[in-house]
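Reproduced below: model-v5.txt, with compact mmCIF, C-alpha atoms (C1' of nucleotides).
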```txt
# COMPACT_ATOMS: atom_id res chain seq x y z
CA MET G 1 10.27 87.17 -66.39
CA LYS G 2 12.16 86.81 -63.13
CA GLN G 3 15.68 85.51 -63.10
CA LYS G 4 15.98 81.90 -62.00
CA VAL G 5 18.30 80.99 -59.19
CA LEU G 6 18.97 77.70 -57.48
CA VAL G 7 19.58 77.91 -53.74
CA ILE G 8 21.41 75.33 -51.67
CA ALA G 9 21.14 76.19 -47.99
CA GLY G 10 21.96 74.16 -44.92
CA PRO G 11 23.84 74.24 -41.66
CA THR G 12 27.59 74.48 -41.54
CA ALA G 13 29.46 71.32 -42.50
CA SER G 14 26.38 69.76 -44.06
CA GLY G 15 28.03 69.41 -47.46
CA LYS G 16 26.56 72.40 -49.30
CA SER G 17 29.70 73.41 -51.14
CA GLU G 18 30.32 69.96 -52.47
CA LEU G 19 26.77 69.55 -53.70
CA ALA G 20 26.68 73.05 -55.18
CA LEU G 21 29.86 72.28 -57.07
CA ARG G 22 28.36 69.14 -58.56
CA LEU G 23 25.16 70.92 -59.48
CA ALA G 24 27.03 73.78 -61.10
CA GLU G 25 28.99 71.32 -63.18
CA GLN G 26 25.85 69.49 -64.26
CA LEU G 27 23.86 72.60 -65.03
CA ASN G 28 26.47 74.83 -66.63
CA GLY G 29 26.32 77.02 -63.56
CA GLU G 30 28.48 79.17 -61.35
CA ILE G 31 28.42 79.41 -57.60
CA ILE G 32 27.52 82.48 -55.60
CA CYS G 33 28.51 82.14 -51.98
CA ALA G 34 26.00 83.38 -49.44
CA ASP G 35 28.43 83.38 -46.58
CA SER G 36 29.40 86.17 -44.26
CA LEU G 37 32.92 84.87 -43.67
CA THR G 38 34.25 83.73 -47.00
CA VAL G 39 33.86 87.23 -48.38
CA TYR G 40 37.03 88.06 -46.49
CA ARG G 41 40.45 87.67 -48.04
CA ARG G 42 43.08 85.74 -46.10
CA LEU G 43 40.54 83.79 -44.08
CA ALA G 44 40.65 80.45 -45.81
CA ILE G 45 40.98 77.52 -43.44
CA GLY G 46 38.74 78.73 -40.63
CA SER G 47 36.07 80.00 -42.98
CA ALA G 48 35.98 76.67 -44.84
CA LYS G 49 36.38 78.61 -48.04
CA PRO G 50 36.25 76.53 -51.22
CA THR G 51 39.74 75.43 -52.15
CA THR G 52 41.74 76.71 -55.10
CA GLU G 53 41.10 73.45 -56.91
CA GLN G 54 37.38 73.76 -56.36
CA GLN G 55 37.49 77.33 -57.58
CA GLN G 56 39.31 76.17 -60.68
CA ARG G 57 36.59 73.66 -61.44
CA ILE G 58 33.78 76.19 -61.12
CA ARG G 59 33.82 79.93 -60.81
CA HIS G 60 32.82 81.15 -57.35
CA HIS G 61 31.46 84.64 -56.82
CA LEU G 62 31.70 86.84 -53.72
CA LEU G 63 34.81 85.23 -52.33
CA ASP G 64 37.68 87.45 -51.19
CA ILE G 65 35.92 90.71 -51.82
CA ARG G 66 36.84 92.43 -48.53
CA GLU G 67 39.83 92.88 -46.28
CA PRO G 68 39.24 91.49 -42.79
CA ASP G 69 38.84 94.95 -41.28
CA GLN G 70 36.42 96.24 -43.91
CA PRO G 71 32.72 96.24 -43.18
CA PHE G 72 30.36 93.97 -45.03
CA THR G 73 26.65 93.74 -44.32
CA ALA G 74 23.50 92.03 -45.50
CA SER G 75 22.82 95.02 -47.67
CA ASP G 76 26.26 94.81 -49.27
CA PHE G 77 25.65 91.16 -49.87
CA ARG G 78 22.32 91.80 -51.53
CA LEU G 79 23.84 94.26 -53.96
CA ALA G 80 26.90 92.18 -54.72
CA ALA G 81 24.90 88.98 -55.14
CA ALA G 82 22.39 90.66 -57.45
CA GLU G 83 25.25 91.84 -59.59
CA ALA G 84 26.82 88.39 -59.64
CA ILE G 85 23.52 86.86 -60.70
CA ASN G 86 23.23 89.35 -63.53
CA ASP G 87 26.75 88.59 -64.56
CA CYS G 88 26.08 84.86 -64.64
CA ILE G 89 22.90 85.12 -66.62
CA ARG G 90 24.40 87.56 -69.10
CA ARG G 91 27.01 84.93 -69.90
CA GLY G 92 24.54 82.09 -70.07
CA LYS G 93 25.50 80.59 -66.73
CA ARG G 94 23.03 79.30 -64.17
CA PRO G 95 23.38 80.96 -60.78
CA VAL G 96 23.71 78.52 -57.90
CA LEU G 97 23.57 80.22 -54.52
CA ALA G 98 25.19 78.23 -51.77
CA GLY G 99 25.49 79.31 -48.19
CA GLY G 100 24.48 79.18 -44.61
CA THR G 101 24.02 82.83 -43.74
CA GLY G 102 20.25 82.95 -43.45
CA LEU G 103 19.90 86.70 -43.26
CA TYR G 104 21.94 87.18 -46.43
CA LEU G 105 19.83 84.70 -48.32
CA ARG G 106 16.63 86.25 -47.08
CA SER G 107 17.63 89.80 -47.88
CA LEU G 108 18.54 88.77 -51.40
CA LEU G 109 15.45 86.71 -52.10
CA ARG G 110 12.90 88.82 -50.27
CA GLY G 111 14.43 92.25 -50.18
CA LEU G 112 15.45 94.59 -47.43
CA ASN G 113 13.58 97.56 -45.99
CA ASP G 114 14.53 101.16 -46.72
CA ALA G 115 15.79 102.02 -43.26
CA PRO G 116 19.10 103.87 -43.24
CA GLY G 117 22.26 101.82 -43.15
CA GLU G 118 24.74 101.61 -40.35
CA ASP G 119 26.25 104.69 -38.75
CA PRO G 120 29.42 103.46 -37.05
CA ALA G 121 30.00 106.62 -35.04
CA LEU G 122 26.48 106.64 -33.65
CA ARG G 123 26.69 102.94 -32.88
CA ALA G 124 29.89 103.42 -30.96
CA LYS G 125 28.33 106.23 -28.99
CA LEU G 126 25.23 104.19 -28.15
CA ALA G 127 27.32 101.15 -27.26
CA GLU G 128 29.33 103.29 -24.89
CA ARG G 129 26.16 104.54 -23.25
CA ALA G 130 24.79 101.01 -23.00
CA LYS G 131 27.92 99.98 -21.18
CA ARG G 132 27.65 102.84 -18.73
CA GLU G 133 23.92 103.18 -18.27
CA GLY G 134 22.69 99.66 -19.00
CA GLY G 135 20.29 98.15 -21.48
CA GLU G 136 17.12 98.91 -19.53
CA LEU G 137 17.70 102.61 -19.89
CA LEU G 138 18.31 102.47 -23.63
CA LEU G 139 15.33 100.22 -24.05
CA ALA G 140 13.17 102.69 -22.13
CA GLU G 141 14.44 105.41 -24.39
CA LEU G 142 13.56 103.34 -27.42
CA ALA G 143 10.09 102.73 -26.01
CA GLN G 144 9.49 106.49 -26.21
CA VAL G 145 10.06 106.63 -29.96
CA ASP G 146 9.38 103.07 -31.13
CA PRO G 147 7.23 101.18 -28.63
CA ASP G 148 6.52 98.33 -31.03
CA THR G 149 10.17 97.46 -31.45
CA ALA G 150 10.94 98.08 -27.79
CA ARG G 151 8.25 95.64 -26.75
CA ARG G 152 9.83 92.72 -28.53
CA LEU G 153 13.40 93.36 -27.43
CA HIS G 154 15.05 92.04 -24.29
CA PRO G 155 17.11 94.58 -22.31
CA ASN G 156 20.20 92.45 -22.80
CA ASN G 157 19.86 92.49 -26.54
CA LEU G 158 22.00 95.57 -26.99
CA ILE G 159 22.77 95.08 -30.65
CA ARG G 160 19.12 95.26 -31.63
CA ILE G 161 18.27 98.07 -29.24
CA ILE G 162 21.12 100.08 -30.67
CA ARG G 163 20.09 99.39 -34.24
CA ALA G 164 16.51 100.48 -33.55
CA LEU G 165 17.74 103.65 -31.88
CA GLU G 166 20.13 104.26 -34.73
CA VAL G 167 17.38 103.97 -37.32
CA PHE G 168 15.19 106.42 -35.50
CA GLN G 169 17.91 108.93 -34.83
CA CYS G 170 19.08 108.84 -38.43
CA SER G 171 15.69 108.96 -40.12
CA GLY G 172 13.14 110.12 -37.56
CA ILE G 173 11.11 107.04 -38.44
CA PRO G 174 10.73 104.05 -36.14
CA LEU G 175 12.26 100.78 -37.29
CA SER G 176 8.93 99.05 -36.75
CA GLN G 177 7.43 101.28 -39.43
CA PHE G 178 10.06 100.25 -41.97
CA HIS G 179 9.31 96.65 -41.09
CA ALA G 180 5.57 97.10 -41.38
CA GLU G 181 5.98 98.61 -44.81
CA HIS G 182 8.35 95.97 -46.04
CA ARG G 183 7.45 92.63 -44.46
CA PHE G 184 10.00 90.80 -46.60
CA SER G 185 7.44 90.96 -49.34
CA ASP G 186 9.74 91.48 -52.33
CA THR G 187 10.22 88.51 -54.60
CA PRO G 188 12.82 89.63 -57.11
CA TYR G 189 13.81 86.11 -58.14
CA ASP G 190 12.29 82.85 -59.21
CA ALA G 191 14.13 80.72 -56.71
CA LEU G 192 14.19 76.96 -56.25
CA GLN G 193 15.39 76.50 -52.70
CA PHE G 194 16.68 73.47 -50.87
CA CYS G 195 17.96 72.95 -47.38
CA LEU G 196 20.21 69.99 -46.67
CA ASP G 197 18.85 67.88 -43.87
CA LEU G 198 21.08 65.52 -41.89
CA PRO G 199 20.40 63.62 -38.70
CA ARG G 200 21.64 65.76 -35.84
CA LYS G 201 24.17 63.20 -34.66
CA GLU G 202 25.57 62.84 -38.12
CA LEU G 203 25.84 66.61 -38.55
CA TYR G 204 27.66 66.94 -35.23
CA ARG G 205 30.04 64.19 -36.22
CA ARG G 206 30.80 66.00 -39.46
CA ILE G 207 31.41 69.22 -37.55
CA ASP G 208 33.90 67.50 -35.25
CA ASP G 209 35.70 66.01 -38.21
CA ARG G 210 35.83 69.29 -40.01
CA VAL G 211 37.29 71.11 -37.05
CA ASP G 212 39.98 68.45 -36.74
CA THR G 213 40.74 68.89 -40.42
CA MET G 214 40.98 72.67 -40.06
CA LEU G 215 43.57 72.27 -37.34
CA ALA G 216 45.50 69.72 -39.34
CA ASN G 217 45.45 72.15 -42.25
CA GLY G 218 47.04 74.88 -40.17
CA LEU G 219 44.27 76.99 -38.69
CA VAL G 220 46.52 78.21 -35.90
CA ALA G 221 49.20 79.27 -38.36
CA GLU G 222 46.60 81.08 -40.44
CA VAL G 223 45.55 83.12 -37.43
CA GLU G 224 49.15 83.84 -36.41
CA LEU G 225 49.86 85.10 -39.90
CA LEU G 226 46.82 87.35 -39.87
CA LEU G 227 47.78 88.84 -36.53
CA GLN G 228 51.42 89.28 -37.56
CA SER G 229 50.37 91.09 -40.69
CA GLY G 230 48.57 93.62 -38.55
CA VAL G 231 44.97 92.48 -38.71
CA THR G 232 43.34 93.51 -35.49
CA PRO G 233 41.98 90.65 -33.38
CA VAL G 234 38.79 92.61 -32.70
CA CYS G 235 37.77 92.93 -36.33
CA LYS G 236 34.53 91.21 -37.16
CA PRO G 237 35.70 88.09 -38.99
CA LEU G 238 38.25 87.30 -36.30
CA GLN G 239 35.39 87.21 -33.81
CA ALA G 240 33.91 84.30 -35.73
CA ILE G 241 33.95 80.73 -34.50
CA GLY G 242 37.29 79.11 -35.06
CA TYR G 243 39.15 82.41 -35.08
CA LYS G 244 38.22 83.85 -31.72
CA GLU G 245 39.07 80.60 -29.92
CA VAL G 246 42.47 80.37 -31.58
CA ILE G 247 43.17 83.97 -30.62
CA SER G 248 42.28 83.28 -27.00
CA HIS G 249 44.49 80.22 -27.05
CA LEU G 250 47.40 82.19 -28.49
CA ARG G 251 46.95 84.66 -25.65
CA GLY G 252 47.36 81.78 -23.23
CA GLU G 253 43.79 81.71 -21.97
CA PHE G 254 43.56 77.96 -22.45
CA ASP G 255 45.44 75.04 -23.98
CA GLN G 256 45.02 73.57 -27.42
CA GLU G 257 42.78 70.76 -26.26
CA GLU G 258 40.33 73.18 -24.68
CA MET G 259 40.50 75.37 -27.78
CA ILE G 260 39.48 72.46 -29.99
CA ARG G 261 36.68 71.54 -27.63
CA LEU G 262 35.32 75.07 -27.70
CA ILE G 263 35.51 75.41 -31.47
CA LYS G 264 33.58 72.17 -31.89
CA ARG G 265 31.00 73.11 -29.31
CA ASN G 266 30.48 76.62 -30.64
CA THR G 267 30.16 75.29 -34.16
CA ARG G 268 27.47 72.88 -33.01
CA HIS G 269 25.61 75.74 -31.39
CA PHE G 270 25.91 77.72 -34.57
CA ALA G 271 24.57 74.89 -36.69
CA LYS G 272 21.60 74.64 -34.35
CA ARG G 273 20.85 78.34 -34.78
CA GLN G 274 21.09 78.01 -38.53
CA LEU G 275 18.59 75.17 -38.46
CA THR G 276 16.21 77.26 -36.37
CA TRP G 277 16.46 80.02 -38.95
CA PHE G 278 15.95 77.75 -41.93
CA ARG G 279 12.97 76.06 -40.32
CA SER G 280 11.09 79.32 -40.46
CA GLU G 281 11.77 79.84 -44.16
CA SER G 282 8.64 78.57 -45.83
CA GLU G 283 10.09 78.41 -49.33
CA LEU G 284 12.84 75.99 -48.40
CA GLN G 285 12.43 72.36 -49.34
CA TRP G 286 14.21 70.09 -46.89
CA VAL G 287 15.99 67.18 -48.46
CA ALA G 288 17.61 64.28 -46.66
CA TYR G 289 21.26 64.48 -47.51
CA PRO G 290 23.13 62.83 -49.03
CA GLN G 291 20.58 60.07 -49.66
CA ASN G 292 18.17 62.20 -51.66
CA SER G 293 20.59 64.48 -53.44
CA ALA G 294 19.38 63.02 -56.73
CA THR G 295 16.02 64.64 -56.04
CA ILE G 296 17.69 68.03 -56.01
CA GLU G 297 19.67 67.28 -59.13
CA SER G 298 16.65 66.30 -61.18
CA ALA G 299 14.46 69.10 -59.81
CA ALA G 300 17.17 71.62 -60.61
CA ALA G 301 17.58 70.29 -64.14
CA THR G 302 13.84 70.58 -64.75
CA PHE G 303 13.75 74.04 -63.17
CA PHE G 304 16.36 75.44 -65.54
CA ALA G 305 15.21 73.53 -68.64
C1' G H 1 36.88 40.68 6.66
C1' G H 2 37.43 45.57 9.56
C1' C H 3 37.43 50.99 9.72
C1' G H 4 36.37 55.65 7.38
C1' A H 5 34.45 58.99 3.65
C1' C H 6 31.08 59.69 0.02
C1' G H 7 26.50 58.77 -3.08
C1' U H 8 22.05 65.61 -5.58
C1' A H 9 20.14 66.11 -13.61
C1' G H 10 24.29 63.41 -19.09
C1' C H 11 28.79 65.99 -16.45
C1' C H 12 30.74 69.49 -12.55
C1' A H 13 28.47 71.31 -8.24
C1' A H 14 25.83 74.44 -3.87
C1' G H 15 22.55 73.34 -0.25
C1' U H 16 23.23 70.10 6.77
C1' G H 17 15.26 70.12 9.14
C1' G H 18 10.90 74.14 6.04
C1' U H 19 9.54 72.32 0.56
C1' A H 20 16.21 71.60 -4.75
C1' A H 21 21.65 77.74 -6.34
C1' G H 22 24.81 77.97 -10.33
C1' G H 23 27.85 76.32 -14.51
C1' C H 24 28.56 73.01 -18.73
C1' A H 25 26.27 69.73 -22.18
C1' G H 26 21.40 68.79 -24.55
C1' A H 27 16.67 70.73 -26.56
C1' G H 28 13.57 74.80 -28.33
C1' G H 29 13.21 79.83 -29.95
C1' U H 30 14.13 85.25 -31.60
C1' C H 31 16.33 87.60 -35.66
C1' U H 32 14.85 93.23 -41.68
C1' G H 33 21.98 96.81 -42.89
C1' C H 34 27.78 93.75 -37.15
C1' A H 35 24.24 87.46 -38.39
C1' A H 36 30.12 81.97 -37.79
C1' A H 37 27.32 88.00 -34.42
C1' A H 38 23.81 89.17 -30.53
C1' C H 39 19.83 87.62 -27.44
C1' C H 40 15.93 84.53 -24.92
C1' U H 41 13.47 80.05 -22.94
C1' U H 42 13.74 75.19 -21.03
C1' C H 43 15.62 70.60 -18.23
C1' A H 44 15.88 66.77 -10.82
C1' C H 45 10.64 64.75 -6.40
C1' C H 46 18.38 64.67 -4.08
C1' A H 47 21.21 55.71 -4.54
C1' U H 48 17.24 52.26 -2.39
C1' C H 49 14.04 50.75 1.66
C1' G H 50 12.31 51.85 6.42
C1' G H 51 12.09 55.12 10.79
C1' U H 52 11.87 60.00 13.65
C1' U H 53 9.21 64.74 12.77
C1' C H 54 3.72 69.09 11.54
C1' A H 55 7.81 69.13 7.96
C1' A H 56 13.77 65.20 5.66
C1' A H 57 18.23 65.95 0.10
C1' U H 58 19.30 67.42 5.05
C1' C H 59 18.49 63.43 11.47
C1' C H 60 18.56 57.72 12.64
C1' G H 61 18.90 52.48 10.86
C1' A H 62 19.50 48.90 7.10
C1' U H 63 20.77 47.68 2.11
C1' C H 64 23.39 48.56 -2.40
C1' G H 65 27.37 51.18 -4.83
C1' U H 66 32.03 54.06 -5.23
C1' C H 67 36.63 55.52 -3.18
C1' G H 68 40.46 55.34 0.55
C1' C H 69 42.95 53.03 4.56
C1' C H 70 43.87 48.64 7.50
C1' U H 71 44.22 43.21 8.06
```
Would you write out, as structure tokens, the structure that this file holds?
Amino acid sequence: MKQKVLVIAGPTASGKSELALRLAEQLNGEIICADSLTVYRRLAIGSAKPTTEQQQRIRHHLLDIREPDQPFTASDFRLAAAEAINDCIRRGKRPVLAGGTGLYLRSLLRGLNDAPGEDPALRAKLAERAKREGGELLLAELAQVDPDTARRLHPNNLIRIIRALEVFQCSGIPLSQFHAEHRFSDTPYDALQFCLDLPRKELYRRIDDRVDTMLANGLVAEVELLLQSGVTPVCKPLQAIGYKEVISHLRGEFDQEEMIRLIKRNTRHFAKRQLTWFRSESELQWVAYPQNSATIESAAATFFA
RNA sequence: GGCGACGUAGCCAAGUGGUAAGGCAGAGGUCUGCAAAACCUUCACCAUCGGUUCAAAUCCGAUCGUCGCCU
């Protein structure tokens, strides 16, 4: 019998955390955050991490498990989340996954292929070459060893070209072969999945409000503190929306007003990308939120009964 | 009332006779170990009417509108 998990997905600022909290309280559950930013310690305001009070109400897993300069990947998430689910179930708690990082959710619920993991040194070397020689050349090189992957990649898409090259150089097997063998066909969990659906205008309004709140809560001070304590501005989480703009502002690249404008705009773009991702997830049930949240509540109760 | 300048997409804006650059916003999409990242696609008959011309956003006239100056 597969383990049962409830999944609350949705774009940023849609109200996932709040709903997940309520569901966890109703169902005797605990929350597992599927979020690539809140795993980092010391990023609280800009990552919209659940507050201390919220964490006191319900236990949250996978928060604050890395330092800002430590790597964390979809694979790490999959392992950590699986462990957290086990932990919940062992103690008679219902696992409620809440988050907006589509790839994390997918790799947990449908598995990940067996391709080798990241090789930072090789990546750095390839990135250096890409900068010098250009994407076309690397893509041509990839076409020699993995034509299927090369065909679907744009020469500007360096990150993917580099990953495909990395996989081949580390394993001697083309990435496309790993994909063909895997096809996201694992189904390790019995998952009831919802995606919160808000009218676009309403979502954008909520994003604007949330950014204003972050600033009022001291986002700039949070970033200053991180930088003062020696966290490098180029580490991954500080390249995230909300952090990178504050850093640029602190460097004098633009004023506060422009910074706020950019954070709001970039967050809207991000939400749009999340929606595109979630639209292609066939298992997700879209629910008008908050109007139909009762539908989720009753379906979840039945699911776990 | 007179004189002058201007009127190109939601916004900024290039183009001064040969069939509408670019940026931003918006929309759509890709995504299998960096994913709040990275990448791609898409969006105009040029204020209106008339004229000149093989050909007009580009020249001429009128109208409307905006801005500035003058009375």
Among the residues G:Asp255, G:Glu128, G:Asp35, G:Asp208, the one that comes closest to chain H [using all atoms listed in the file]: G:Asp35
Mind listing as a PyMOL selection string which residues of chain G are within 7 Å of chain H, counting all atoms listed in the file? chain G and resi 73-75+103+112-113+117-118+156-157+159+179+240-241+270
Restricting the output to C-alpha atoms, write the selected residues as a compact mmCIF listing (two decimals), in the frame of the given file.
```txt
# COMPACT_ATOMS: atom_id res chain seq x y z
CA THR G 73 26.65 93.74 -44.32
CA ALA G 74 23.50 92.03 -45.50
CA SER G 75 22.82 95.02 -47.67
CA LEU G 103 19.90 86.70 -43.26
CA LEU G 112 15.45 94.59 -47.43
CA ASN G 113 13.58 97.56 -45.99
CA GLY G 117 22.26 101.82 -43.15
CA GLU G 118 24.74 101.61 -40.35
CA ASN G 156 20.20 92.45 -22.80
CA ASN G 157 19.86 92.49 -26.54
CA ILE G 159 22.77 95.08 -30.65
CA HIS G 179 9.31 96.65 -41.09
CA ALA G 240 33.91 84.30 -35.73
CA ILE G 241 33.95 80.73 -34.50
CA PHE G 270 25.91 77.72 -34.57
```
Using only the atoms of segment 40-57 of chain H listed in the file, plus 5 Å on each side, state the axis-aligned box centre and edge lengths in Å rounded to one decimal, as JSON.
```
{"center_x": 12.5, "center_y": 67.6, "center_z": -5.6, "size_x": 27.5, "size_y": 43.8, "size_z": 48.6}
```
Point out the residue among G:Cys88, G:Ala301, G:Ala81, G:Ala164 with the least atom-to-atom distance to Ala143 of chain G, counting all atoms listed in the file. G:Ala164
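Distance-wise, atom CA of Glu67 of chain G and atom CA of Tyr40 of chain G end up 5.6 Å apart.
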